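J.: So here's final-v9.txt, just compact mmCIF, C-alpha atoms:
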# COMPACT_ATOMS: atom_id res chain seq x y z
CA MET A 356 25.70 5.96 14.55
CA THR A 357 26.09 6.83 10.89
CA GLY A 358 29.87 7.10 11.28
CA SER A 359 30.03 3.73 13.04
CA ARG A 360 27.95 2.12 10.32
CA GLU A 361 30.25 3.45 7.62
CA MET A 362 33.27 1.99 9.42
CA MET A 363 31.63 -1.39 9.97
CA PHE A 364 29.93 -2.01 6.63
CA ASN A 365 30.77 -1.69 2.95
CA VAL A 366 29.61 1.72 1.71
CA ASP A 367 30.10 0.96 -1.99
CA PHE A 368 27.12 0.38 -4.26
CA ASP A 369 26.37 -3.32 -4.65
CA GLU A 370 23.74 -4.08 -7.29
CA SER A 371 22.92 -7.43 -5.66
CA LYS A 372 21.66 -5.63 -2.56
CA PHE A 373 19.00 -3.78 -4.57
CA GLU A 374 15.87 -5.04 -6.28
CA LEU A 375 14.68 -3.82 -9.66
CA VAL A 376 10.91 -4.38 -9.63
CA LYS A 377 9.30 -4.36 -13.07
CA VAL A 378 5.62 -3.41 -13.20
CA ASN A 379 3.54 -3.49 -16.38
CA VAL A 380 0.55 -1.15 -16.21
CA LYS A 381 -2.27 -1.40 -18.74
CA ILE A 382 -3.92 2.01 -18.95
CA LYS A 383 -7.36 2.59 -20.38
CA LYS A 384 -7.42 5.07 -23.26
CA LEU A 385 -3.63 5.28 -23.38
CA ASP A 386 -2.79 6.07 -26.99
CA PRO A 387 -0.53 3.50 -28.70
CA VAL A 388 2.07 6.25 -29.14
CA PHE A 389 2.76 5.80 -25.40
CA ASP A 390 2.74 2.00 -25.49
CA GLY A 391 5.97 0.75 -23.91
CA TYR A 392 6.67 4.09 -22.22
CA THR A 393 9.00 3.57 -19.23
CA ILE A 394 9.03 5.35 -15.89
CA VAL A 395 11.67 4.69 -13.24
CA ASN A 396 10.57 5.65 -9.75
CA ILE A 397 12.73 6.03 -6.66
CA THR A 398 11.56 7.08 -3.23
CA ASP A 399 12.62 7.41 0.41
CA ILE A 400 16.32 7.91 -0.23
CA HIS A 401 16.83 9.17 3.34
CA LEU A 402 20.33 10.17 2.31
CA GLY A 403 22.83 9.97 5.12
CA GLN A 404 21.42 7.05 7.08
CA TRP A 405 21.91 3.57 5.64
CA LEU A 406 22.18 4.99 2.13
CA SER A 407 25.40 6.98 1.89
CA PRO A 408 26.23 9.54 -0.84
CA LYS A 409 28.61 7.00 -2.38
CA ILE A 410 25.91 4.34 -2.61
CA PHE A 411 23.50 6.93 -4.02
CA GLU A 412 25.94 7.65 -6.85
CA GLY A 413 25.84 3.94 -7.70
CA VAL A 414 22.05 4.01 -7.68
CA VAL A 415 22.12 6.92 -10.13
CA ASP A 416 24.45 5.03 -12.48
CA TYR A 417 22.16 2.00 -12.30
CA ILE A 418 19.07 4.06 -13.14
CA ASN A 419 20.77 5.82 -16.04
CA ALA A 420 21.74 2.45 -17.51
CA LEU A 421 18.01 1.61 -17.69
CA ASN A 422 17.60 4.52 -20.13
CA PRO A 423 14.11 5.49 -18.89
CA ASP A 424 11.73 7.82 -20.68
CA MET A 425 10.82 9.48 -17.39
CA ILE A 426 12.14 9.47 -13.82
CA THR A 427 9.83 10.15 -10.88
CA LEU A 428 10.77 10.75 -7.25
CA THR A 429 8.20 10.43 -4.50
CA GLY A 430 9.69 12.10 -1.44
CA ASP A 431 11.74 11.78 1.75
CA TYR A 432 15.10 12.54 0.19
CA VAL A 433 16.73 13.16 3.59
CA SER A 434 15.93 12.13 7.17
CA TYR A 435 17.12 14.35 10.04
CA ILE A 436 20.17 16.18 8.65
CA LEU A 437 20.09 18.34 5.53
CA ASP A 438 23.08 20.69 5.69
CA LYS A 439 25.67 17.94 5.32
CA TYR A 440 23.84 16.27 2.43
CA GLU A 441 22.66 19.15 0.27
CA LYS A 442 25.55 18.94 -2.19
CA PRO A 443 25.64 15.14 -2.64
CA LEU A 444 21.84 15.05 -3.01
CA GLU A 445 21.89 17.76 -5.67
CA HIS A 446 24.87 16.17 -7.42
CA GLY A 447 23.07 12.84 -7.66
CA PHE A 448 19.81 14.41 -8.81
CA LYS A 449 21.62 16.41 -11.50
CA ARG A 450 23.20 13.23 -12.85
CA LEU A 451 19.89 11.40 -13.24
CA GLU A 452 19.12 11.07 -16.95
CA ALA A 453 15.65 10.70 -18.48
CA LYS A 454 14.73 10.98 -22.15
CA ASP A 455 11.79 13.28 -21.44
CA VAL A 456 11.56 14.65 -17.92
CA LYS A 457 12.30 14.22 -14.22
CA LEU A 458 9.38 14.87 -11.85
CA ALA A 459 9.09 14.92 -8.05
CA VAL A 460 6.86 15.48 -5.04
CA LEU A 461 7.86 16.08 -1.42
CA GLY A 462 7.51 13.80 1.59
CA ASN A 463 7.04 14.56 5.27
CA HIS A 464 10.78 14.53 6.09
CA ASP A 465 11.44 17.04 3.32
CA HIS A 466 9.08 19.48 4.99
CA TRP A 467 10.52 18.84 8.44
CA LEU A 468 14.04 19.62 7.24
CA GLY A 469 13.21 22.56 4.99
CA GLU A 470 10.92 22.41 2.00
CA LYS A 471 12.33 25.59 0.44
CA LYS A 472 15.83 24.12 0.31
CA ILE A 473 14.58 20.79 -1.04
CA ARG A 474 12.58 22.55 -3.76
CA GLU A 475 15.67 24.60 -4.62
CA ILE A 476 17.72 21.41 -4.94
CA LEU A 477 15.09 19.93 -7.25
CA LYS A 478 15.01 23.07 -9.40
CA ASN A 479 18.81 23.21 -9.63
CA SER A 480 18.75 19.57 -10.76
CA ASP A 481 16.25 20.17 -13.59
CA ILE A 482 13.61 18.19 -11.72
CA ILE A 483 10.09 19.58 -11.98
CA ASP A 484 8.21 19.76 -8.69
CA VAL A 485 4.63 18.63 -9.37
CA SER A 486 3.43 18.94 -5.76
CA ASN A 487 -0.25 19.91 -6.14
CA ASP A 488 0.36 20.38 -9.85
CA VAL A 489 0.26 18.59 -13.21
CA TYR A 490 2.82 17.94 -15.92
CA THR A 491 1.43 17.07 -19.35
CA LEU A 492 3.55 15.02 -21.73
CA LYS A 493 2.74 15.42 -25.42
CA ARG A 494 3.38 13.15 -28.39
CA ASN A 495 2.54 13.59 -32.07
CA SER A 496 0.80 10.69 -33.77
CA GLU A 497 -0.98 10.01 -37.06
CA ASN A 498 -4.22 11.06 -35.34
CA GLY A 499 -2.86 14.31 -33.99
CA GLU A 500 -1.35 15.29 -30.66
CA LYS A 501 -1.79 12.83 -27.78
CA ILE A 502 -1.14 13.51 -24.12
CA LEU A 503 -0.29 11.74 -20.87
CA ASN A 504 -0.76 13.60 -17.58
CA ILE A 505 1.44 13.16 -14.53
CA ALA A 506 -0.03 14.81 -11.45
CA GLY A 507 1.29 15.08 -7.91
CA VAL A 508 0.22 16.14 -4.45
CA ASP A 509 2.32 17.44 -1.59
CA SER A 510 2.66 15.55 1.70
CA TYR A 511 -0.69 14.08 2.76
CA MET A 512 0.63 13.30 6.24
CA LEU A 513 1.30 16.97 6.93
CA GLY A 514 -1.90 18.23 5.32
CA LYS A 515 -0.05 19.84 2.42
CA ASP A 516 -2.07 17.99 -0.24
CA ASN A 517 -4.49 19.91 -2.44
CA LEU A 518 -6.32 17.47 -4.68
CA ASN A 519 -8.91 20.07 -5.66
CA GLN A 520 -6.18 22.25 -7.15
CA VAL A 521 -4.78 19.26 -9.01
CA MET A 522 -8.18 18.42 -10.47
CA GLU A 523 -8.64 22.02 -11.61
CA ARG A 524 -5.30 21.94 -13.42
CA LEU A 525 -5.70 18.46 -14.88
CA PRO A 526 -6.67 18.50 -18.57
CA LYS A 527 -9.96 16.81 -19.40
CA GLU A 528 -8.33 14.70 -22.10
CA GLY A 529 -5.62 12.06 -21.76
CA PRO A 530 -5.07 9.42 -19.06
CA ALA A 531 -3.45 10.45 -15.78
CA ILE A 532 -0.98 9.11 -13.23
CA ILE A 533 -0.53 10.64 -9.77
CA LEU A 534 2.59 10.80 -7.58
CA VAL A 535 1.95 10.83 -3.82
CA HIS A 536 4.45 10.17 -1.05
CA GLU A 537 1.93 8.50 1.27
CA PRO A 538 0.18 5.44 -0.24
CA ASP A 539 -3.05 5.67 1.78
CA PHE A 540 -3.93 8.79 -0.22
CA ALA A 541 -5.15 6.24 -2.79
CA SER A 542 -8.45 6.12 -0.90
CA LYS A 543 -8.97 9.75 -1.94
CA SER A 544 -7.36 9.85 -5.39
CA SER A 545 -9.19 6.71 -6.56
CA LYS A 546 -12.58 8.30 -5.89
CA THR A 547 -11.95 10.87 -8.62
CA ASN A 548 -12.00 8.02 -11.20
CA ARG A 549 -9.40 10.06 -13.05
CA PHE A 550 -6.14 8.30 -12.25
CA ALA A 551 -5.03 4.98 -13.69
CA LEU A 552 -2.06 4.66 -11.35
CA GLN A 553 -0.80 6.14 -8.08
CA ILE A 554 2.91 5.78 -7.30
CA SER A 555 3.95 6.08 -3.64
CA GLY A 556 6.57 5.22 -1.04
CA HIS A 557 6.70 6.30 2.63
CA SER A 558 6.39 2.82 4.18
CA HIS A 559 9.80 1.37 3.19
CA GLY A 560 7.83 -1.86 2.84
CA GLY A 561 7.87 -1.98 6.63
CA GLN A 562 11.59 -2.84 6.22
CA PHE A 563 10.48 -6.41 6.98
CA ILE A 564 8.52 -8.55 4.53
CA ILE A 565 6.85 -11.63 6.00
CA PRO A 566 8.26 -14.60 4.04
CA GLY A 567 5.79 -16.07 1.58
CA THR A 568 3.24 -13.27 1.98
CA GLY A 569 4.68 -10.24 0.19
CA THR A 570 3.41 -7.96 2.94
CA THR A 571 4.55 -6.59 6.29
CA ILE A 572 3.37 -6.38 9.88
CA PHE A 573 5.01 -2.98 10.34
CA ARG A 574 2.56 -0.41 9.02
CA GLY A 575 3.19 3.21 9.86
CA SER A 576 0.75 6.08 9.68
CA TYR A 577 -0.58 6.84 6.21
CA SER A 578 0.64 3.45 4.94
CA THR A 579 -1.60 1.11 6.90
CA LYS A 580 -3.89 0.17 4.00
CA TYR A 581 -1.37 -0.14 1.17
CA PRO A 582 2.06 -0.79 2.75
CA VAL A 583 3.91 -2.57 -0.07
CA GLY A 584 3.45 -3.56 -3.70
CA LYS A 585 0.34 -3.53 -5.91
CA TYR A 586 -3.26 -2.90 -4.89
CA LYS A 587 -6.46 -2.36 -6.84
CA VAL A 588 -8.27 0.61 -5.32
CA GLY A 589 -11.50 1.24 -7.17
CA ASN A 590 -10.52 1.55 -10.82
CA MET A 591 -6.99 2.65 -9.96
CA LEU A 592 -3.78 0.71 -9.45
CA GLN A 593 -1.92 1.74 -6.30
CA TYR A 594 1.76 0.87 -6.20
CA THR A 595 3.82 1.29 -3.03
CA SER A 596 7.59 1.01 -3.41
CA LYS A 597 9.80 -0.40 -0.66
CA GLY A 598 12.04 2.63 -1.20
CA LEU A 599 15.80 2.97 -1.11
CA GLY A 600 16.71 4.06 2.39
CA THR A 601 15.74 3.26 5.95
CA ASN A 602 14.48 5.18 8.94
CA VAL A 603 14.20 4.58 12.70
CA PHE A 604 15.93 1.19 12.47
CA TRP A 605 18.42 0.58 9.69
CA MET A 606 17.88 -3.11 9.09
CA ARG A 607 15.93 -4.56 6.18
CA ILE A 608 14.79 -8.16 6.45
CA ASN A 609 13.54 -9.90 3.29
CA CYS A 610 12.94 -6.37 1.99
CA LYS A 611 15.62 -5.18 -0.41
CA PRO A 612 15.85 -1.50 -1.33
CA GLU A 613 13.78 -0.99 -4.46
CA ILE A 614 14.07 0.74 -7.82
CA THR A 615 10.79 0.45 -9.70
CA LEU A 616 10.51 0.28 -13.49
CA PHE A 617 6.98 0.90 -14.79
CA THR A 618 6.16 0.07 -18.39
CA LEU A 619 2.91 1.55 -19.66
CA LYS A 620 0.72 -0.54 -21.94
CA SER A 621 -2.15 0.63 -24.14
CA GLU A 622 -5.28 -1.46 -24.56
CA HIS A 623 -4.44 -2.02 -28.22
Spell out the structure here as C-alpha cells.

T.:
Amino acid sequence: MTGSREMMFNVDFDESKFELVKVNVKIKKLDPVFDGYTIVNITDIHLGQWLSPKIFEGVVDYINALNPDMITLTGDYVSYILDKYEKPLEHGFKRLEAKDVKLAVLGNHDHWLGEKKIREILKNSDIIDVSNDVYTLKRNSENGEKILNIAGVDSYMLGKDNLNQVMERLPKEGPAIILVHEPDFASKSSKTNRFALQISGHSHGGQFIIPGTGTTIFRGSYSTKYPVGKYKVGNMLQYTSKGLGTNVFWMRINCKPEITLFTLKSEH
C-alpha cells in the first residue's frame, strides 16, 4: 500500500499541504527573560505511511527556518515498520536545529516497535528523552538565575507513565510545561496544579475536522476528552496537535498535518 501510494501521489514536501499553528501561551510567574520564548512541537510522524522520508526532510527544513529556541517531539515516530526507517528517521532528527535543546517523549507505537531502538535514535540525534523526567532550562537575568522546567511522561496508554517520579524530580521553583503523547493525561497532570501547559498528539485530530466546529467525531482511546486544539483543564492549558502523519486510514479531511509554534508570554 505504501509503494502504491508513492507511485500515485507526489512524495515531495509541499508547504501548502501543512499548517503552521501559532499558539501564544501566557504563563503565570514566567520571568520576563523567557518572554517570547519559542517552542516548535511535532508529533505523530508515523514515518513510512503517508509521510515519506523525503517529505520528512522538507518538514525538517521548514522547522529549521522558523529558528526556534526549543524543539519538542511528542511520540509515535513510526507506525508498524521500524527497520526500513531507522536511518531516515535519525537523519531527520539529527538535522533538526534548536537554539537551546531538543526534547522528546515516546508514544505507544514507539514501544510496540522497539523502545530501546527509538531511544537510541533520539540519543544519536542529540535529542534528550524526558520520558518520566524533567529538563530545566536556565537563564541569567538582572535578578539572578531564572528557570523554566520541561517535564515529560512516557506512554500513558501503555501504562508507562510515572507522574510521581516526575513530581519528585521537578524543581520547586520556576513554571513548568509537560510533554505527553496522549492528551487525556491532562485530567491527571492538571490536578497537580504545577503545569501551565501540556503538549500532546496521539489523536491526529481525528484526521477529519467537522467544518465550522474545529473538532472531530473520530476520538480514539486516550484522546476522547481533548482530541484537537486548545482546552482549559483546571488551571492548565492542554494543547493537542493534529500531528504530521496518519494511521489506519491515510486520508485527512479538513485536517492538515500540523507543525505547532508556541510562543511563551510572561504576565508582565

J.: Residues at most 10 Å from Phe573 of chain A, counting all atoms listed in the file, excluding those fewer than 3 positions away in the same chain, as a ChimeraX atom specification?

T.: /A:558-565,570,578-579,582

J.: List the spatial neighbours of Lys377 of chain A as a PyMOL selection string - criterion: any atom at most 8 Å away, all atoms listed in the file, same-chain residues fewer than 6 positions off excluded.

T.: chain A and resi 615-618

J.: Taking all atoms listed in the file into account, which of A:Asn609, A:Asn590, A:Asn487, A:Thr601 comes nearest His401 of chain A?

T.: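 Checking each candidate against His401 of chain A, we get A:Thr601 as the closest.
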
J.: Just how far from atom CA of Arg494 of chain A is atom CA of Arg450 of chain A, in Å to one decimal?

T.: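 Value for the atom CA of Arg450 of chain A-atom CA of Arg494 of chain A distance: 25.2 Å.
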
J.: Can you measure atom CA of Lys501 of chain A to atom CA of Glu528 of chain A for me? One decimal in Å is fine.

T.: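 A separation of 8.9 Å between them.
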
J.: Which residues, written as a ChimeraX atom specification, have at least one atom at most 12 Å from Lys597 of chain A, with only C-alpha atoms counted and residues fewer than 3 positions away on the same chain left out?

T.: /A:373-376,396-400,429,536,538,554-564,569-571,578,581-585,594,600-601,607-615

J.: What does the file look like for those residues with C-alpha atoms, as a tab-separated table (two decimals), in the coordinates of the input?

T.:
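Full text of result_37.tsv as output:
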chain	number	residue	atom	x	y	z
A	373	PHE	CA	19.00	-3.78	-4.57
A	374	GLU	CA	15.87	-5.04	-6.28
A	375	LEU	CA	14.68	-3.82	-9.66
A	376	VAL	CA	10.91	-4.38	-9.63
A	396	ASN	CA	10.57	5.65	-9.75
A	397	ILE	CA	12.73	6.03	-6.66
A	398	THR	CA	11.56	7.08	-3.23
A	399	ASP	CA	12.62	7.41	0.41
A	400	ILE	CA	16.32	7.91	-0.23
A	429	THR	CA	8.20	10.43	-4.50
A	536	HIS	CA	4.45	10.17	-1.05
A	538	PRO	CA	0.18	5.44	-0.24
A	554	ILE	CA	2.91	5.78	-7.30
A	555	SER	CA	3.95	6.08	-3.64
A	556	GLY	CA	6.57	5.22	-1.04
A	557	HIS	CA	6.70	6.30	2.63
A	558	SER	CA	6.39	2.82	4.18
A	559	HIS	CA	9.80	1.37	3.19
A	560	GLY	CA	7.83	-1.86	2.84
A	561	GLY	CA	7.87	-1.98	6.63
A	562	GLN	CA	11.59	-2.84	6.22
A	563	PHE	CA	10.48	-6.41	6.98
A	564	ILE	CA	8.52	-8.55	4.53
A	569	GLY	CA	4.68	-10.24	0.19
A	570	THR	CA	3.41	-7.96	2.94
A	571	THR	CA	4.55	-6.59	6.29
A	578	SER	CA	0.64	3.45	4.94
A	581	TYR	CA	-1.37	-0.14	1.17
A	582	PRO	CA	2.06	-0.79	2.75
A	583	VAL	CA	3.91	-2.57	-0.07
A	584	GLY	CA	3.45	-3.56	-3.70
A	585	LYS	CA	0.34	-3.53	-5.91
A	594	TYR	CA	1.76	0.87	-6.20
A	600	GLY	CA	16.71	4.06	2.39
A	601	THR	CA	15.74	3.26	5.95
A	607	ARG	CA	15.93	-4.56	6.18
A	608	ILE	CA	14.79	-8.16	6.45
A	609	ASN	CA	13.54	-9.90	3.29
A	610	CYS	CA	12.94	-6.37	1.99
A	611	LYS	CA	15.62	-5.18	-0.41
A	612	PRO	CA	15.85	-1.50	-1.33
A	613	GLU	CA	13.78	-0.99	-4.46
A	614	ILE	CA	14.07	0.74	-7.82
A	615	THR	CA	10.79	0.45	-9.70
